[in-house]
Amino acid sequence: MSENKFKGYAAWISVCIVWGTTYLAIRIGVAHIPPMLFAGVRWILAGVIFVAVLLLSNKKFPAFKDLTHIAVMGILMLGFGNGLVVTGEQYISSGLAALLITTVPFWIVGFDSFASKKSMLNMFISGGLLLGLLGVSAIFGDNWKELFNKEYLLGVLSILGAVVAWSLGSVYSKHKKINVYPLMSAAVQMLVAGVAQTILGIILGETSSVSFNQEGILSLAYLIIFGSIIGYGSYIYAIEHLPLSLVSTYAYINPIIAVFLGWLVLDEKLNIFMIVAAILIIAGVVLVKKGAEISIAKKKLS
């Protein structure tokens with residue numbers, strides 16, 4: 001195994017574990033700091049620290065011709081993807097948010113299929129998508145009536161919007177090759193998204209609702225160090241050196257950690273419907289991955 005491949009697997013494992021804990025930190029943080037400012041400050045501070053460390057390590061800042069592509073990745077994955085997660089977690093539990101985000105691999109496979117201009121659908125992928133749909137339905141269990149609650153519905157739609165934006169950004173990142181050190185690309189994406197989110201937060205008047213206290217500051221610090229610098233840096237590195245279909249399986253692990261922590265720390269609901277939903281979604285993702293691997297293998301042979 002090459003050194004880059006080994007580091008890629010290490011980065012993927014980091015994403016699997018660390019990002020499962022960030023849902024709890026976000027849920028705590030947005031109770032004290034409005035969503036866009038919370039997300040924006042997080043990414044700006046993380047980006048500044050990351051860029052400074054990389055420049056001191058003699059890594060080059062991206063050339064102007066690459067900045068457009070980097071900005072698109074940052075706006076899609078962090079600006080919309082993370083921004084909508086932070087928005088959604090104002091209204092729904094961290095565990096529910098994490099379970100909805102497990103649908104990321106479905107969207108990635110679909111968008112990747114369009115990007116490659118060849119359909120990847122087969123019996124495994126179709127079956128996996130059906131299981132995933134049943135799983136998402138089971139999440140709500142006996143709480144379907146909650147979908148008529150305006151705030152609850154807004155939270156669910158925000159998370160689903162985040163899933164679509166993140167998946168689009170991931171596929172774009174995979175297909176638009178740039179000559180930039182992967183971690184420098186991640187750092188600049190953080191700055192772009194952070195500035196955009198902060199400007200939006202100021203426009204929305206969020207500055208008047210900021211309440212800095214120990215919980216809010218600690219959750220922000222945790223997200224800057226672990227969620228942003230370690231987590232996102234690892235994700236960008238992993239998708240540069242490993243198959244996208246493999247990297248996206250971090251969605252298997254994240255919800256298990258998030259649901260458990262939400263139940264343990266915030267006393268969030270954990271019932272049989274959420275457990276069944278998690279099993280169905282993860283089984284669906286496994287089938288989609290299997291189908292994607294078969295489709296890719298066939299294309300290589302043709």
# chains A, B, ... in the order shown; residues from 1 in each chain; ligands from 1
$ select_by_dssp --residues "range 74-242 of chain A" --states "helix (DSSP H, G or I)" --output "PyMOL selection string"
chain A and resi 74-88+94-101+104-115+123-148+150-175+182-203+206-209+214-241
$ residues_around --residues "Val247 in chain A" --least-positions-apart "2" --cutoff "10 Å" --atoms "only C-alpha atoms" --output "list of chain:residue names"
A:Gly8, A:Tyr9, A:Ala11, A:Trp12, A:Ile13, A:Val15, A:Cys16, A:Pro105, A:Tyr235, A:Ile236, A:Ala238, A:Ile239, A:Glu240, A:His241, A:Leu242, A:Pro243, A:Leu244, A:Ser245, A:Thr249, A:Tyr250, A:Ala251
$ atom_distance --atom1 "CA of Ile49 in chain A" --atom2 "CA of Phe212 in chain A"
21.3 Å
$ atom_distance --atom1 "CA of Thr87 in chain A" --atom2 "CA of Ser211 in chain A"
16.7 Å
$ residues_around --residues "Leu223 in chain A" --least-positions-apart "6" --cutoff "7 Å" --atoms "only C-alpha atoms" --output "VMD selection string"
chain A and resid 22 25 42
$ atom_distance --atom1 "CA of Lys65 in chain A" --atom2 "CA of Gly110 in chain A"
28.5 Å
$ closest_residue --among "A:Val85, A:Met73, A:Val53, A:Ile28" --to "Lys176 in chain A" --atoms "only C-alpha atoms"
A:Met73
$ residues_around --residues "Ile272 in chain A" --least-positions-apart "2" --cutoff "10 Å" --atoms "only C-alpha atoms" --output "ChimeraX atom specification"
/A:138-139,141,270,274-278
$ write_last_selection --atoms "N, CA, C and O atoms" --output "PDB file, in the first residue's frame"
ATOM      1  N   ALA A 138     -39.407   5.381   7.899  1.00  0.00           N
ATOM      2  CA  ALA A 138     -39.492   4.802   9.243  1.00  0.00           C
ATOM      3  C   ALA A 138     -38.935   5.734  10.314  1.00  0.00           C
ATOM      4  O   ALA A 138     -39.312   5.627  11.487  1.00  0.00           O
ATOM      5  N   ILE A 139     -38.036   6.645   9.930  1.00  0.00           N
ATOM      6  CA  ILE A 139     -37.459   7.580  10.893  1.00  0.00           C
ATOM      7  C   ILE A 139     -38.555   8.305  11.665  1.00  0.00           C
ATOM      8  O   ILE A 139     -38.469   8.492  12.877  1.00  0.00           O
ATOM      9  N   GLY A 141     -41.688   7.358  12.063  1.00  0.00           N
ATOM     10  CA  GLY A 141     -42.506   6.468  12.859  1.00  0.00           C
ATOM     11  C   GLY A 141     -43.889   7.007  13.161  1.00  0.00           C
ATOM     12  O   GLY A 141     -44.681   7.289  12.268  1.00  0.00           O
ATOM     13  N   LEU A 270     -34.824   8.154  21.571  1.00  0.00           N
ATOM     14  CA  LEU A 270     -34.271   7.003  20.864  1.00  0.00           C
ATOM     15  C   LEU A 270     -35.307   5.893  20.976  1.00  0.00           C
ATOM     16  O   LEU A 270     -35.481   5.298  22.039  1.00  0.00           O
ATOM     17  N   MET A 274     -36.498   4.704  15.145  1.00  0.00           N
ATOM     18  CA  MET A 274     -35.183   5.217  14.736  1.00  0.00           C
ATOM     19  C   MET A 274     -34.186   4.082  14.550  1.00  0.00           C
ATOM     20  O   MET A 274     -33.346   4.119  13.652  1.00  0.00           O
ATOM     21  N   ILE A 275     -34.289   3.051  15.387  1.00  0.00           N
ATOM     22  CA  ILE A 275     -33.386   1.905  15.257  1.00  0.00           C
ATOM     23  C   ILE A 275     -33.665   1.153  13.956  1.00  0.00           C
ATOM     24  O   ILE A 275     -32.748   0.814  13.201  1.00  0.00           O
ATOM     25  N   VAL A 276     -34.960   0.904  13.681  1.00  0.00           N
ATOM     26  CA  VAL A 276     -35.341   0.226  12.427  1.00  0.00           C
ATOM     27  C   VAL A 276     -34.923   1.066  11.224  1.00  0.00           C
ATOM     28  O   VAL A 276     -34.411   0.549  10.225  1.00  0.00           O
ATOM     29  N   ALA A 277     -35.133   2.381  11.319  1.00  0.00           N
ATOM     30  CA  ALA A 277     -34.757   3.285  10.222  1.00  0.00           C
ATOM     31  C   ALA A 277     -33.268   3.204   9.940  1.00  0.00           C
ATOM     32  O   ALA A 277     -32.836   3.131   8.778  1.00  0.00           O
ATOM     33  N   ALA A 278     -32.462   3.219  11.004  1.00  0.00           N
ATOM     34  CA  ALA A 278     -31.009   3.152  10.835  1.00  0.00           C
ATOM     35  C   ALA A 278     -30.603   1.858  10.143  1.00  0.00           C
ATOM     36  O   ALA A 278     -29.752   1.851   9.239  1.00  0.00           O
TER      37      ALA A 278
END
$ residues_around --residues "Tyr23 in chain A" --least-positions-apart "2" --cutoff "8 Å" --atoms "only C-alpha atoms" --output "PyMOL selection string"
chain A and resi 19-21+25-27+94-95+97-98+258
$ write_last_selection --atoms "C-alpha atoms" --output "PDB file, in the first residue's frame"
ATOM      1  CA  TRP A  19     -18.033  13.724  12.327  1.00  0.00           C
ATOM      2  CA  GLY A  20     -20.347  11.527  14.354  1.00  0.00           C
ATOM      3  CA  THR A  21     -19.643  13.753  17.367  1.00  0.00           C
ATOM      4  CA  ALA A  25     -21.691  20.093  19.263  1.00  0.00           C
ATOM      5  CA  ILE A  26     -23.800  21.864  16.610  1.00  0.00           C
ATOM      6  CA  ARG A  27     -27.014  21.202  18.523  1.00  0.00           C
ATOM      7  CA  SER A  94     -29.037  15.866  16.397  1.00  0.00           C
ATOM      8  CA  GLY A  95     -29.815  12.142  16.044  1.00  0.00           C
ATOM      9  CA  ALA A  97     -30.324  15.080  11.528  1.00  0.00           C
ATOM     10  CA  ALA A  98     -27.589  12.445  11.433  1.00  0.00           C
ATOM     11  CA  ALA A 258     -24.666  10.913  16.846  1.00  0.00           C
TER      12      ALA A 258
END
$ residues_around --residues "Ser170 in chain A" --least-positions-apart "2" --cutoff "10 Å" --atoms "only C-alpha atoms" --output "PyMOL selection string"
chain A and resi 73+76-77+104+108+111-112+164-168+172-175+235-236+239+244+248
$ write_last_selection --atoms "N, CA and C atoms" --output "short mmCIF file (atom, residue, chain, number, x, y, z; two decimals), in the first residue's frame"
data_model
loop_
_atom_site.label_atom_id
_atom_site.label_comp_id
_atom_site.auth_asym_id
_atom_site.auth_seq_id
_atom_site.Cartn_x
_atom_site.Cartn_y
_atom_site.Cartn_z
N MET A 73 -16.64 24.29 -4.63
CA MET A 73 -16.65 23.20 -3.65
C MET A 73 -17.00 23.71 -2.26
N LEU A 76 -20.74 24.83 -1.98
CA LEU A 76 -21.67 23.70 -1.99
C LEU A 76 -21.57 22.88 -0.70
N MET A 77 -20.35 22.43 -0.35
CA MET A 77 -20.20 21.50 0.77
C MET A 77 -20.27 22.17 2.13
N VAL A 104 -26.74 10.44 2.11
CA VAL A 104 -25.70 11.02 1.25
C VAL A 104 -25.21 10.06 0.16
N ILE A 108 -24.93 10.75 -3.90
CA ILE A 108 -23.60 10.77 -4.53
C ILE A 108 -23.57 9.81 -5.72
N PHE A 111 -25.69 11.40 -8.58
CA PHE A 111 -25.02 12.53 -9.23
C PHE A 111 -23.76 12.07 -9.97
N ASP A 112 -23.06 11.10 -9.39
CA ASP A 112 -21.85 10.58 -10.02
C ASP A 112 -22.20 9.88 -11.33
N VAL A 164 -28.22 17.19 -0.40
CA VAL A 164 -28.11 17.40 -1.85
C VAL A 164 -26.89 18.27 -2.18
N ALA A 165 -26.73 19.37 -1.44
CA ALA A 165 -25.62 20.29 -1.70
C ALA A 165 -24.28 19.60 -1.44
N TRP A 166 -24.19 18.86 -0.34
CA TRP A 166 -22.94 18.16 -0.01
C TRP A 166 -22.59 17.13 -1.07
N SER A 167 -23.58 16.40 -1.53
CA SER A 167 -23.35 15.36 -2.54
C SER A 167 -22.89 15.97 -3.86
N LEU A 168 -23.54 17.06 -4.27
CA LEU A 168 -23.13 17.76 -5.49
C LEU A 168 -21.68 18.25 -5.37
N TYR A 172 -18.55 17.08 -7.66
CA TYR A 172 -17.83 18.14 -8.38
C TYR A 172 -16.34 18.08 -8.03
N SER A 173 -16.06 17.91 -6.73
CA SER A 173 -14.68 17.86 -6.26
C SER A 173 -13.93 16.68 -6.88
N LYS A 174 -14.62 15.56 -7.04
CA LYS A 174 -13.99 14.36 -7.59
C LYS A 174 -13.69 14.50 -9.08
N HIS A 175 -14.58 15.19 -9.80
CA HIS A 175 -14.44 15.26 -11.26
C HIS A 175 -13.68 16.49 -11.75
N TYR A 235 -11.53 14.61 5.18
CA TYR A 235 -12.48 14.25 4.12
C TYR A 235 -11.93 14.62 2.75
N ILE A 236 -11.41 15.84 2.64
CA ILE A 236 -10.85 16.28 1.35
C ILE A 236 -9.66 15.41 0.95
N ILE A 239 -11.02 11.87 -0.25
CA ILE A 239 -11.64 11.77 -1.58
C ILE A 239 -10.62 12.02 -2.70
N LEU A 244 -14.59 7.50 -4.23
CA LEU A 244 -15.64 8.29 -3.58
C LEU A 244 -16.70 7.39 -2.96
N SER A 248 -17.64 7.79 1.09
CA SER A 248 -18.99 8.18 1.53
C SER A 248 -19.61 7.21 2.52
#
